[in-house]
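Peer 1: Attaching a single structure in structure tokens format; questions to follow.
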Amino acid sequence: MRIPQQATSARQGLAGEEARRRLAAEGPNELPGARPKSTAALVREVVTEPMFLMLLGAGGLYLALGDRAEALFLLGFVGVVIGITLAQARRTQRALEALRDLSAPRARVVRDGQTQRIASREVVRGDLLVLHEGDRIAADAWLFEGQLSVDESLLTGEAVPVDKTPAPAWPATELGAPGGDGTPFLFASTVITRGTGLAEVRATAGGTAVGRIGLALDTTPEPPSALQTDSRRLVRQLGLAAAVLASALVLLGWLWDGHALLDSLLSGIALAMAILPEEIPVILTVFLALGAWRLSGQRVLARRVSAVEALGAITVLAVDKTGTLTRNQMEVAELQCGETVWCDTPPGSELPEALHPLVEFAMLATPPDPFDPMEQAIQAFGRRHLSATEHVHAAHPPDAEYPLSPDLLAMTRVYTVRPPAPGLRPCLLATKGASEAVADLCHLAPAARARIQHQVEAMAARGRRVLGVAEGRWMAPAAVAGATAAPVWPVHQHDFEFTFLGLIGLADPPRAEVPDAIAQCRQAGVRLLMMTGDHPATASAIARQVGLSDRPEVLNGAALAALDDTALRERLRHVDLCARLQPVHKLRLVQLLQASGEVVAMTGDGVNDAPALKAADVGIAMGERGTDVAREAAALVLLDDRFTSIVAAIRQGRRIYDNIGHAARFTFAVHVPIIALALVPALVHAPVLLLPVHIVLLELLIDPACSVVFEAEPEAADVMTRPPRAAEHSPFSWRNLVDGGLQGTWLAAVLLAGDAWLGQWQTDAAQTRTAVFTALVAGVYLLTLANRSPRATSMARNPWLIRMGAAVLVLLLALMGVPWLRQLMGLAWPTPACALVGVAMVATGAGGLAVLRALRRR
């Protein structure tokens with residue numbers, strides 16, 4: 001059907017003035033969330049994060065107390081972290097803007113009786129859309145003229161296009177549901193694979209099926225992550241403890257021991273600084289931000305940095321089929337003609353001569369440059385296998401064409417044989433379509449039809465989309481058409497005689513890397529669950545091919561809806577495949593798995609996946625094919641749509657979480673000796689060992705160790721062979737804190753023993769402080785080594801360890817060799833006895849930490 005530039009009087013479309021009025025009243029035809037965030041909005045989101053607010057508050061507190069060095073250091077570090085996170089957020093935003101391909105940029109409409117091309121955002125309710133093959137539909141509409149096939153997989157998950165039948169009058173008060181053949185309803189963002197038509201817009205923007213799903217996403221809350229909750233609680237508790245103990249120490253020293261108020265305040269501030277774990281928010285923000293940056297190098301975009309922590313705890317990976325496990329690209333996978341069968345196994349198998357006519361006529365029944373993915377597959381297959389034979393014909397338009405219709409799901413293309421015979425016009429007919437429709441055109445006997453049906457069912461069970469192919473010959477009667485006159489074609493395809501040639505099985509093949517990636521997930525203890533809107537037989541076939549499941553049972557959407565939560569939870573223990581699912585079904589499955597204690601990751605690309613993607617612990621959207629709504633809902637976006645990127649993300653997530661645990665243990669270990677050296681001398685009326693300036697200097701080592709050295713630690717050897725961590729596990733668990741506390745207690749005991757030993761020798765206070773402080777600086781490095789992965793031995797895999805060792809050496813040389821710095825720190829050039837005691841403290845501390853690390857490894 002051709003659409004004229006000049007519309008008929010009955011279809012004049014909206015007047016331009018009325019269209020502008022509706023656009024002003026109802027707003028542009030844009031999907032929710034389609035406008036990019038401004039830089040100011042991104043900055044506001046970053047700086048209002050609780051972790052950043054706490055860092056800023058701590059820096060302001062130190063500044064108010066007059067400790068400018070610590071304040072400037074902390075606030076400067078806050079600026080660096082904010083810059084990293086803001087750069088990541090802005091980079092993410094730019095990538096998402098580049099990926100926006102959901103809405104059609106232009107649309108053809110009829111206005112004032114003329115066909116016009118306008119921006120899709122200007123389409124309004126009541127517009128007449130002029131639709132052609134390859135168009136992405138700009139709004140929800142009602143088809144009243146023409147014949148279309150539409151790919152609605154973005155809404156339904158069904159890979160096969162559906163046929164649309166026009167309705168002359170508006171058939172309902174509202175649009176029906178997506179999916180299913182024979183309806184006149186068209187939906188925004190779906191793609192026309194074949195045909196042309198006219199449709200009236202019934203809904204735009206948030207009123208479309210796509211828009212309603214986008215708006216519904218706002219009702220799905222995003223709770224704080226477990227790490228955020230645990231760290232906030234711990235920091236709150238330790239902050240309260242720091243305030244109480246520091247206040248008590250000030251009062252004790254000033255009122256009880258009679259120390260000067262300034263000295264008591266300095267001791268109290270040093271104790272508060274020693275207790276206050278400002279490294280914890282640094283660890284989380286830097287590790288997760290740099291983890292997101294590392295993921296981006298593996299073509300995985302983290303839209304919400306907090307999701308990085310959940311990657312290592314994933315217990316269930318719910319995967320979509322189309323475009324995730326498969327390539328979303330149809331291919332001819334099987335041919336059958338009588339008893340002759342060909343399968344593309346192994347790939348590149350030679351095509352038997354007996355099947356050449358089947359492929360030849362399938363090509364003739366297909367446009368030479370089609371848009372429909374199945375027709376593209378047929379033409380590509382024919383050119384690949386028949387290019388050197390007489391079965392490939394020069395492309396020229398057919399003399400007549402019979403399209404698919406609701407009454408007969410088969411199409412026929414008629415070609416005149418040239419040169420025509422004298423007085424006759426011989427014609428060649430090529431037909432393809434639903435196998436039962438083609439068999440009916442061939443007037444086959446019941447036994448032959450039953451045999452074909454049996455073959456079709458067997459191919460469908462293997463996940464094939466099956467088409468029948470037939471050829472026909474027809475002579476235009478001499479009385480009707482001479483040698484040059486155009487024939488009068490029969491009205492119906494049934495008026496021709498056809499010969500059944502065979503069956504073509506098409507499939508969306510699995511991605512080559514998927515089986516190995518699934519095997520790695522299983523080895524890592526991650527259960528895989530397929531959730532698709534596609535046919536159960538197709539889902540089962542793909543699952544077997546990629547090794548996802550050998551279980552025969554498939555749970556479909558209707559059966560799922562009939563089960564209560566208890567029965568469904570029990571059923572899921574024995575089912576790996578869920579097919580024919582609607583968006584509400586996917587969301588229910590995700591929430592039910594989470595309620596059962598699972599940490600759920602879900603992949604998806606369609607609008608129908610968006611609610612479940614947002615509800616999942618880790619929603620993973622496809623970047624190349626995925627819809628904008630799905631990407632906005634997801635926490636991660638796969639820029640290359642490769643399933644192996646999910647495995648890489650899980651591996652990276654586990655490494656990051658392990659290293660957060662190492663850094664947290666180090667943090668608590670290193671604070672124990674600092675607290676002890678700040679508190680114990682005051683309690684026993686000994687000279688002050690640590691002043692705030694000492695702790696500021698220590699932070700120059702502690703913060704980089706937390707935020708850089710541990711972050712760069714390579715993954716453990718067993719990172720993908722051990723089961724996921726328990727959902728309730730936390731790097732701030734008491735077990736981890738006690739482990740770090742034991743290390744810190746040992747080092748504190750060694751340093752206090754050295755202090756007492758030097759005190760017995762009546763050593764000068766500055767000499768004692770020098771020996772203890774230099775041993776403490778070396779102890780920070782020893783604790784860094786002790787809190788690596790228990791099985792890590794080589795330092796070469798983490799060059800930052802060597803750099804930190806060099807920094808410790810440079811710092812100690814500077815403290816001893818620069819007079820004004822030595823004086824500022826209250827230190828002195830060590831005597832041989834003090835140096836010997838210092839070396840003994842370092843050696844003893846190292847030996848004990850090595851023993852504790854060995855015990856942890858066992």
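Letters for chains follow the order of the structure tokens (A, B, ...), residue numbers begin at 1 for each chain, and ligand numbers begin at 1 in the order shown.
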For Ala141 in chain A, list every protein, DNA or RNA residue within 7 Å, evaluated using only C-alpha atoms, and leave out those in the same chain fewer than 3 positions away; present the list as a PDB file with all heavy atoms, in the first residue's frame.
Peer 2:
```
ATOM      1  N   PHE A 185      -3.850  -2.208  17.745  1.00  0.00           N
ATOM      2  CA  PHE A 185      -3.206  -1.321  18.707  1.00  0.00           C
ATOM      3  C   PHE A 185      -1.703  -1.243  18.456  1.00  0.00           C
ATOM      4  O   PHE A 185      -1.018  -2.266  18.357  1.00  0.00           O
ATOM      5  CB  PHE A 185      -3.460  -1.805  20.136  1.00  0.00           C
ATOM      6  CG  PHE A 185      -4.919  -1.983  20.446  1.00  0.00           C
ATOM      7  CD1 PHE A 185      -5.402  -3.200  20.907  1.00  0.00           C
ATOM      8  CD2 PHE A 185      -5.815  -0.944  20.259  1.00  0.00           C
ATOM      9  CE1 PHE A 185      -6.743  -3.371  21.186  1.00  0.00           C
ATOM     10  CE2 PHE A 185      -7.160  -1.099  20.534  1.00  0.00           C
ATOM     11  CZ  PHE A 185      -7.631  -2.323  20.997  1.00  0.00           C
ATOM     12  N   LEU A 186      -1.183  -0.024  18.375  1.00  0.00           N
ATOM     13  CA  LEU A 186       0.237   0.218  18.184  1.00  0.00           C
ATOM     14  C   LEU A 186       0.785   0.951  19.409  1.00  0.00           C
ATOM     15  O   LEU A 186       0.078   1.755  20.027  1.00  0.00           O
ATOM     16  CB  LEU A 186       0.473   1.072  16.933  1.00  0.00           C
ATOM     17  CG  LEU A 186      -0.115   0.544  15.619  1.00  0.00           C
ATOM     18  CD1 LEU A 186       0.129   1.549  14.502  1.00  0.00           C
ATOM     19  CD2 LEU A 186       0.482  -0.815  15.272  1.00  0.00           C
ATOM     20  N   PHE A 187       2.061   0.698  19.711  1.00  0.00           N
ATOM     21  CA  PHE A 187       2.628   1.213  20.953  1.00  0.00           C
ATOM     22  C   PHE A 187       3.938   1.945  20.694  1.00  0.00           C
ATOM     23  O   PHE A 187       4.747   1.535  19.866  1.00  0.00           O
ATOM     24  CB  PHE A 187       2.838   0.071  21.949  1.00  0.00           C
ATOM     25  CG  PHE A 187       1.561  -0.632  22.317  1.00  0.00           C
ATOM     26  CD1 PHE A 187       1.149  -1.756  21.619  1.00  0.00           C
ATOM     27  CD2 PHE A 187       0.753  -0.133  23.325  1.00  0.00           C
ATOM     28  CE1 PHE A 187      -0.037  -2.393  21.935  1.00  0.00           C
ATOM     29  CE2 PHE A 187      -0.437  -0.757  23.642  1.00  0.00           C
ATOM     30  CZ  PHE A 187      -0.836  -1.883  22.945  1.00  0.00           C
ATOM     31  N   ALA A 199      -2.349   5.568  11.240  1.00  0.00           N
ATOM     32  CA  ALA A 199      -2.813   5.330  12.602  1.00  0.00           C
ATOM     33  C   ALA A 199      -3.087   6.653  13.285  1.00  0.00           C
ATOM     34  O   ALA A 199      -2.440   7.660  12.989  1.00  0.00           O
ATOM     35  CB  ALA A 199      -1.773   4.527  13.387  1.00  0.00           C
ATOM     36  N   GLU A 200      -4.025   6.639  14.193  1.00  0.00           N
ATOM     37  CA  GLU A 200      -4.380   7.838  14.959  1.00  0.00           C
ATOM     38  C   GLU A 200      -3.783   7.738  16.360  1.00  0.00           C
ATOM     39  O   GLU A 200      -3.949   6.734  17.051  1.00  0.00           O
ATOM     40  CB  GLU A 200      -5.889   7.985  15.071  1.00  0.00           C
ATOM     41  CG  GLU A 200      -6.312   9.224  15.852  1.00  0.00           C
ATOM     42  CD  GLU A 200      -7.818   9.342  15.992  1.00  0.00           C
ATOM     43  OE1 GLU A 200      -8.534   8.953  15.036  1.00  0.00           O
ATOM     44  OE2 GLU A 200      -8.283   9.792  17.053  1.00  0.00           O
ATOM     45  N   VAL A 201      -3.086   8.781  16.780  1.00  0.00           N
ATOM     46  CA  VAL A 201      -2.444   8.795  18.096  1.00  0.00           C
ATOM     47  C   VAL A 201      -3.497   8.892  19.184  1.00  0.00           C
ATOM     48  O   VAL A 201      -4.368   9.779  19.143  1.00  0.00           O
ATOM     49  CB  VAL A 201      -1.454   9.975  18.193  1.00  0.00           C
ATOM     50  CG1 VAL A 201      -0.901  10.102  19.605  1.00  0.00           C
ATOM     51  CG2 VAL A 201      -0.326   9.802  17.191  1.00  0.00           C
ATOM     52  N   ARG A 202      -3.406   7.973  20.150  1.00  0.00           N
ATOM     53  CA  ARG A 202      -4.352   7.971  21.272  1.00  0.00           C
ATOM     54  C   ARG A 202      -3.698   8.372  22.591  1.00  0.00           C
ATOM     55  O   ARG A 202      -4.393   8.732  23.538  1.00  0.00           O
ATOM     56  CB  ARG A 202      -4.961   6.578  21.426  1.00  0.00           C
ATOM     57  CG  ARG A 202      -5.603   6.026  20.176  1.00  0.00           C
ATOM     58  CD  ARG A 202      -6.797   6.838  19.730  1.00  0.00           C
ATOM     59  NE  ARG A 202      -7.897   6.802  20.693  1.00  0.00           N
ATOM     60  CZ  ARG A 202      -9.121   7.233  20.447  1.00  0.00           C
ATOM     61  NH1 ARG A 202      -9.404   7.765  19.252  1.00  0.00           N
ATOM     62  NH2 ARG A 202     -10.067   7.168  21.354  1.00  0.00           N
ATOM     63  N   ALA A 203      -2.367   8.275  22.698  1.00  0.00           N
ATOM     64  CA  ALA A 203      -1.690   8.645  23.947  1.00  0.00           C
ATOM     65  C   ALA A 203      -0.248   9.013  23.636  1.00  0.00           C
ATOM     66  O   ALA A 203       0.372   8.446  22.738  1.00  0.00           O
ATOM     67  CB  ALA A 203      -1.748   7.494  24.951  1.00  0.00           C
TER      68      ALA A 203
END
```
Peer 1: Counting only C-alpha atoms, what is within 6 Å of range 629-645 of chain A, bar same-chain residues fewer than 5 positions away, as a ChimeraX atom specification?
Peer 2: /A:214,299-304,517,605,607,610,613-614,618-623
Peer 1: For those residues, write N, CA, C and O atoms to a file as a short mmCIF file (atom, residue, chain, number, x, y, z; two decimals), in the first residue's frame.
Peer 2:
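Output below, filename again_33.cif:
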```
data_model
loop_
_atom_site.label_atom_id
_atom_site.label_comp_id
_atom_site.auth_asym_id
_atom_site.auth_seq_id
_atom_site.Cartn_x
_atom_site.Cartn_y
_atom_site.Cartn_z
N GLY A 214 7.64 3.87 32.93
CA GLY A 214 8.64 4.80 33.42
C GLY A 214 8.18 5.56 34.66
O GLY A 214 8.92 5.72 35.62
N ARG A 299 33.73 -2.16 30.11
CA ARG A 299 32.51 -1.88 29.34
C ARG A 299 31.26 -2.09 30.19
O ARG A 299 30.22 -2.51 29.68
N VAL A 300 31.37 -1.83 31.49
CA VAL A 300 30.21 -1.89 32.38
C VAL A 300 30.10 -0.53 33.05
O VAL A 300 31.02 -0.08 33.73
N LEU A 301 28.96 0.13 32.85
CA LEU A 301 28.75 1.48 33.35
C LEU A 301 27.93 1.41 34.64
O LEU A 301 26.82 0.87 34.64
N ALA A 302 28.48 1.91 35.73
CA ALA A 302 27.78 1.91 37.01
C ALA A 302 27.00 3.21 37.14
O ALA A 302 27.58 4.28 37.34
N ARG A 303 25.68 3.13 37.04
CA ARG A 303 24.85 4.33 37.18
C ARG A 303 24.67 4.70 38.65
O ARG A 303 24.50 5.87 38.98
N ARG A 304 24.65 3.71 39.53
CA ARG A 304 24.60 3.95 40.97
C ARG A 304 25.78 3.23 41.59
O ARG A 304 25.85 2.00 41.60
N ALA A 517 30.45 -18.36 30.25
CA ALA A 517 30.12 -17.41 31.31
C ALA A 517 29.15 -18.02 32.31
O ALA A 517 29.27 -17.81 33.53
N ASP A 605 16.49 -5.62 28.76
CA ASP A 605 16.69 -4.53 27.80
C ASP A 605 15.39 -3.84 27.44
O ASP A 605 15.41 -2.75 26.90
N VAL A 607 11.38 -2.25 27.93
CA VAL A 607 10.60 -1.45 28.86
C VAL A 607 9.89 -2.35 29.87
O VAL A 607 9.72 -2.00 31.03
N ALA A 610 11.80 -2.91 33.14
CA ALA A 610 12.23 -1.78 33.97
C ALA A 610 11.81 -1.88 35.44
O ALA A 610 12.64 -1.66 36.33
N LEU A 613 13.98 -4.39 37.11
CA LEU A 613 15.38 -3.94 37.12
C LEU A 613 15.62 -2.99 38.29
O LEU A 613 16.66 -3.05 38.96
N LYS A 614 14.67 -2.12 38.54
CA LYS A 614 14.86 -1.16 39.62
C LYS A 614 14.72 -1.82 40.98
O LYS A 614 15.43 -1.48 41.93
N VAL A 618 20.74 -5.66 42.02
CA VAL A 618 21.61 -5.15 40.95
C VAL A 618 20.85 -5.31 39.63
O VAL A 618 20.75 -6.41 39.10
N GLY A 619 20.29 -4.22 39.14
CA GLY A 619 19.64 -4.24 37.83
C GLY A 619 20.67 -3.97 36.75
O GLY A 619 21.45 -3.02 36.85
N ILE A 620 20.69 -4.83 35.72
CA ILE A 620 21.71 -4.74 34.67
C ILE A 620 21.00 -4.58 33.33
O ILE A 620 20.30 -5.48 32.88
N ALA A 621 21.16 -3.43 32.71
CA ALA A 621 20.49 -3.14 31.44
C ALA A 621 21.48 -3.26 30.29
O ALA A 621 22.68 -3.09 30.45
N MET A 622 20.94 -3.55 29.11
CA MET A 622 21.75 -3.61 27.90
C MET A 622 21.96 -2.19 27.36
O MET A 622 21.01 -1.41 27.29
N GLY A 623 23.16 -1.86 26.97
CA GLY A 623 23.45 -0.51 26.50
C GLY A 623 23.22 -0.32 25.03
O GLY A 623 22.74 0.73 24.61
#
```
Peer 1: Per residue of range 298-354 of chain A within 12 Å of range 525-533 of chain A, which atom pair is closest and at what distance in Å (one decimal), using only C-alpha atoms, listed by chain and increasing number, as JSON lines?
Peer 2:
```
{"residue": "A:Leu311", "atom": "CA", "partner": "A:Val526", "partner_atom": "CA", "distance": 11.0}
{"residue": "A:Gly312", "atom": "CA", "partner": "A:Val526", "partner_atom": "CA", "distance": 10.2}
{"residue": "A:Ala313", "atom": "CA", "partner": "A:Val526", "partner_atom": "CA", "distance": 9.2}
{"residue": "A:Ile314", "atom": "CA", "partner": "A:Val526", "partner_atom": "CA", "distance": 6.7}
{"residue": "A:Thr315", "atom": "CA", "partner": "A:Val526", "partner_atom": "CA", "distance": 4.8}
{"residue": "A:Val316", "atom": "CA", "partner": "A:Arg527", "partner_atom": "CA", "distance": 4.7}
{"residue": "A:Leu317", "atom": "CA", "partner": "A:Leu528", "partner_atom": "CA", "distance": 4.9}
{"residue": "A:Ala318", "atom": "CA", "partner": "A:Leu529", "partner_atom": "CA", "distance": 4.6}
{"residue": "A:Val319", "atom": "CA", "partner": "A:Met530", "partner_atom": "CA", "distance": 4.9}
{"residue": "A:Asp320", "atom": "CA", "partner": "A:Thr532", "partner_atom": "CA", "distance": 5.2}
{"residue": "A:Lys321", "atom": "CA", "partner": "A:Thr532", "partner_atom": "CA", "distance": 5.8}
{"residue": "A:Thr322", "atom": "CA", "partner": "A:Thr532", "partner_atom": "CA", "distance": 7.7}
{"residue": "A:Gly323", "atom": "CA", "partner": "A:Thr532", "partner_atom": "CA", "distance": 10.8}
{"residue": "A:Thr324", "atom": "CA", "partner": "A:Met530", "partner_atom": "CA", "distance": 10.3}
{"residue": "A:Leu325", "atom": "CA", "partner": "A:Met530", "partner_atom": "CA", "distance": 9.4}
{"residue": "A:Thr326", "atom": "CA", "partner": "A:Thr532", "partner_atom": "CA", "distance": 11.8}
```
Peer 1: Could you name the residues that touch range 750-764 of chain A at 12 Å or less, counting only C-alpha atoms, but leaving out those on the same chain fewer than 2 positions away, as a PyMOL selection string?
Peer 2: chain A and resi 672-681+684+686-689+743-748+766-779+826-849
Peer 1: Could you check which of A:Ser296, A:Thr229, A:Gln116, A:Ser405 is closest to Gln12 in chain A, using only C-alpha atoms?
Peer 2: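 Answer, going by the shortest atom-to-atom distance: A:Gln116.
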Peer 1: Write out as a count of residues only the residues lying within 12 Å of Gln493 in chain A, counting only C-alpha atoms and excluding same-chain residues fewer than 2 positions away.
Peer 2: 35
Peer 1: Any idea what's packed within 7 Å of Gln329 in chain A, counting only C-alpha atoms, ignoring anything in its chain fewer than 2 positions away? Could you give it as a list of chain:residue names?
Peer 2: A:Arg327, A:Glu331, A:Pro373, A:Asp508
Peer 1: Could those selected residues go to a file with N, CA and C atoms, as a compact mmCIF listing (two decimals), in the first residue's frame?
Peer 2:
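So selection37.txt came out as:
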```txt
# COMPACT_ATOMS: atom_id res chain seq x y z
N ARG A 327 21.77 -13.45 20.42
CA ARG A 327 22.33 -12.29 19.72
C ARG A 327 21.25 -11.32 19.25
N GLU A 331 18.70 -16.24 12.42
CA GLU A 331 19.50 -16.98 11.46
C GLU A 331 18.74 -18.23 11.05
N PRO A 373 13.61 -9.10 10.44
CA PRO A 373 14.81 -9.89 10.76
C PRO A 373 14.78 -11.31 10.20
N ASP A 508 17.05 -17.41 16.90
CA ASP A 508 17.91 -16.36 17.41
C ASP A 508 19.02 -17.08 18.17
```
Peer 1: As a CSV table (one decimal) with N, CA and C atoms, in the first residue's frame, please: the residues near Thr204 in chain A (cut-off 12 Å, only C-alpha atoms, same-chain neighbours under 4 positions excluded).
Peer 2:
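The file below, selection.csv, is the result:
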```
chain,number,residue,atom,x,y,z
A,22,ARG,N,-2.7,21.7,21.6
A,22,ARG,CA,-2.6,20.5,22.4
A,22,ARG,C,-1.2,20.3,22.9
A,23,LEU,N,-0.2,20.6,22.1
A,23,LEU,CA,1.2,20.5,22.5
A,23,LEU,C,1.4,21.4,23.8
A,26,GLU,N,-0.8,19.7,26.8
A,26,GLU,CA,-0.5,18.4,27.2
A,26,GLU,C,1.0,18.1,27.4
A,27,GLY,N,1.9,19.0,26.8
A,27,GLY,CA,3.3,18.9,27.0
A,27,GLY,C,3.9,18.0,25.9
A,28,PRO,N,5.2,18.1,25.7
A,28,PRO,CA,5.9,17.3,24.6
A,28,PRO,C,5.8,15.8,24.8
A,29,ASN,N,5.9,15.1,23.7
A,29,ASN,CA,5.9,13.7,23.7
A,29,ASN,C,7.2,13.1,24.0
A,30,GLU,N,7.6,13.2,25.3
A,30,GLU,CA,8.9,12.7,25.8
A,30,GLU,C,8.7,11.7,26.9
A,31,LEU,N,9.5,10.7,27.0
A,31,LEU,CA,9.4,9.7,28.0
A,31,LEU,C,9.8,10.3,29.4
A,32,PRO,N,9.3,9.8,30.5
A,32,PRO,CA,9.8,10.3,31.8
A,32,PRO,C,11.3,10.0,31.9
A,103,SER,N,13.3,6.8,21.7
A,103,SER,CA,12.2,7.5,21.0
A,103,SER,C,12.7,7.8,19.6
A,120,SER,N,9.6,13.9,16.9
A,120,SER,CA,8.6,13.0,17.6
A,120,SER,C,8.1,13.7,18.9
A,121,ARG,N,8.9,14.6,19.5
A,121,ARG,CA,8.4,15.2,20.8
A,121,ARG,C,7.3,16.1,20.5
A,122,GLU,N,7.0,16.5,19.2
A,122,GLU,CA,5.9,17.4,18.8
A,122,GLU,C,4.6,16.7,18.5
A,123,VAL,N,4.7,15.3,18.4
A,123,VAL,CA,3.5,14.5,18.2
A,123,VAL,C,2.5,14.7,19.3
A,124,VAL,N,1.2,14.9,18.9
A,124,VAL,CA,0.2,15.1,20.0
A,124,VAL,C,-1.0,14.1,19.8
A,125,ARG,N,-1.8,14.1,20.8
A,125,ARG,CA,-3.0,13.2,20.7
A,125,ARG,C,-3.9,13.6,19.6
A,126,GLY,N,-4.3,12.7,18.8
A,126,GLY,CA,-5.2,13.0,17.6
A,126,GLY,C,-4.4,13.1,16.3
A,127,ASP,N,-3.1,13.2,16.4
A,127,ASP,CA,-2.3,13.2,15.1
A,127,ASP,C,-2.5,11.9,14.3
A,137,ILE,N,7.7,3.7,16.1
A,137,ILE,CA,6.4,4.4,16.4
A,137,ILE,C,6.6,5.4,17.5
A,138,ALA,N,6.1,6.6,17.2
A,138,ALA,CA,6.3,7.7,18.1
A,138,ALA,C,5.4,7.8,19.3
A,139,ALA,N,4.2,7.2,19.2
A,139,ALA,CA,3.2,7.3,20.3
A,139,ALA,C,2.3,6.1,20.2
A,140,ASP,N,1.5,5.9,21.3
A,140,ASP,CA,0.5,4.8,21.2
A,140,ASP,C,-0.6,5.2,20.3
A,141,ALA,N,-1.0,4.3,19.4
A,141,ALA,CA,-2.0,4.7,18.3
A,141,ALA,C,-2.9,3.6,18.0
A,186,LEU,N,-1.2,0.0,18.4
A,186,LEU,CA,0.2,0.2,18.2
A,186,LEU,C,0.8,1.0,19.4
A,187,PHE,N,2.1,0.7,19.7
A,187,PHE,CA,2.6,1.2,21.0
A,187,PHE,C,3.9,1.9,20.7
A,188,ALA,N,4.1,3.0,21.4
A,188,ALA,CA,5.3,3.9,21.3
A,188,ALA,C,6.6,3.1,21.5
A,189,SER,N,7.6,3.4,20.7
A,189,SER,CA,8.9,2.8,20.8
A,189,SER,C,9.0,1.4,20.2
A,200,GLU,N,-4.0,6.6,14.2
A,200,GLU,CA,-4.4,7.8,15.0
A,200,GLU,C,-3.8,7.7,16.4
A,208,THR,N,1.6,6.8,27.5
A,208,THR,CA,1.8,5.6,26.6
A,208,THR,C,2.1,4.4,27.5
A,209,ALA,N,2.2,3.2,26.9
A,209,ALA,CA,2.5,2.0,27.7
A,209,ALA,C,4.0,2.1,28.2
A,210,VAL,N,4.9,2.7,27.4
A,210,VAL,CA,6.2,2.9,27.8
A,210,VAL,C,6.3,3.9,28.9
A,211,GLY,N,5.6,5.0,28.7
A,211,GLY,CA,5.6,6.1,29.7
A,211,GLY,C,5.0,5.7,31.1
A,212,ARG,N,4.0,4.9,31.1
A,212,ARG,CA,3.4,4.4,32.4
A,212,ARG,C,4.4,3.6,33.2
```
Peer 1: Which is closer to Ile280 in chain A than all the others in A:Met825, A:Leu563, A:Met602, A:Cys706, using only C-alpha atoms?
Peer 2: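 Smallest separation from Ile280 in chain A among the options: A:Cys706.
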Peer 1: Quote the spacing between CA of Val599 in chain A and CA of Asp617 in chain A in Å to one decimal place.
Peer 2: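 Between CA of Val599 in chain A and CA of Asp617 in chain A the gap works out to 6.2 Å.
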Peer 1: I want to know what sits within 6 Å of Arg655 in chain A, based on only C-alpha atoms, with residues of the same chain fewer than 3 positions away left out; could you give that as number ranges by chain?
Peer 2: A: 652, 658, 715
Peer 1: For the structure I just gave you, how does DSSP split range 808-839 of chain A - specifically, which residues are helix (DSSP H, G or I)? Reply as a VMD selection string.
Peer 2: chain A and resid 808 to 817 819 to 824 832 to 839
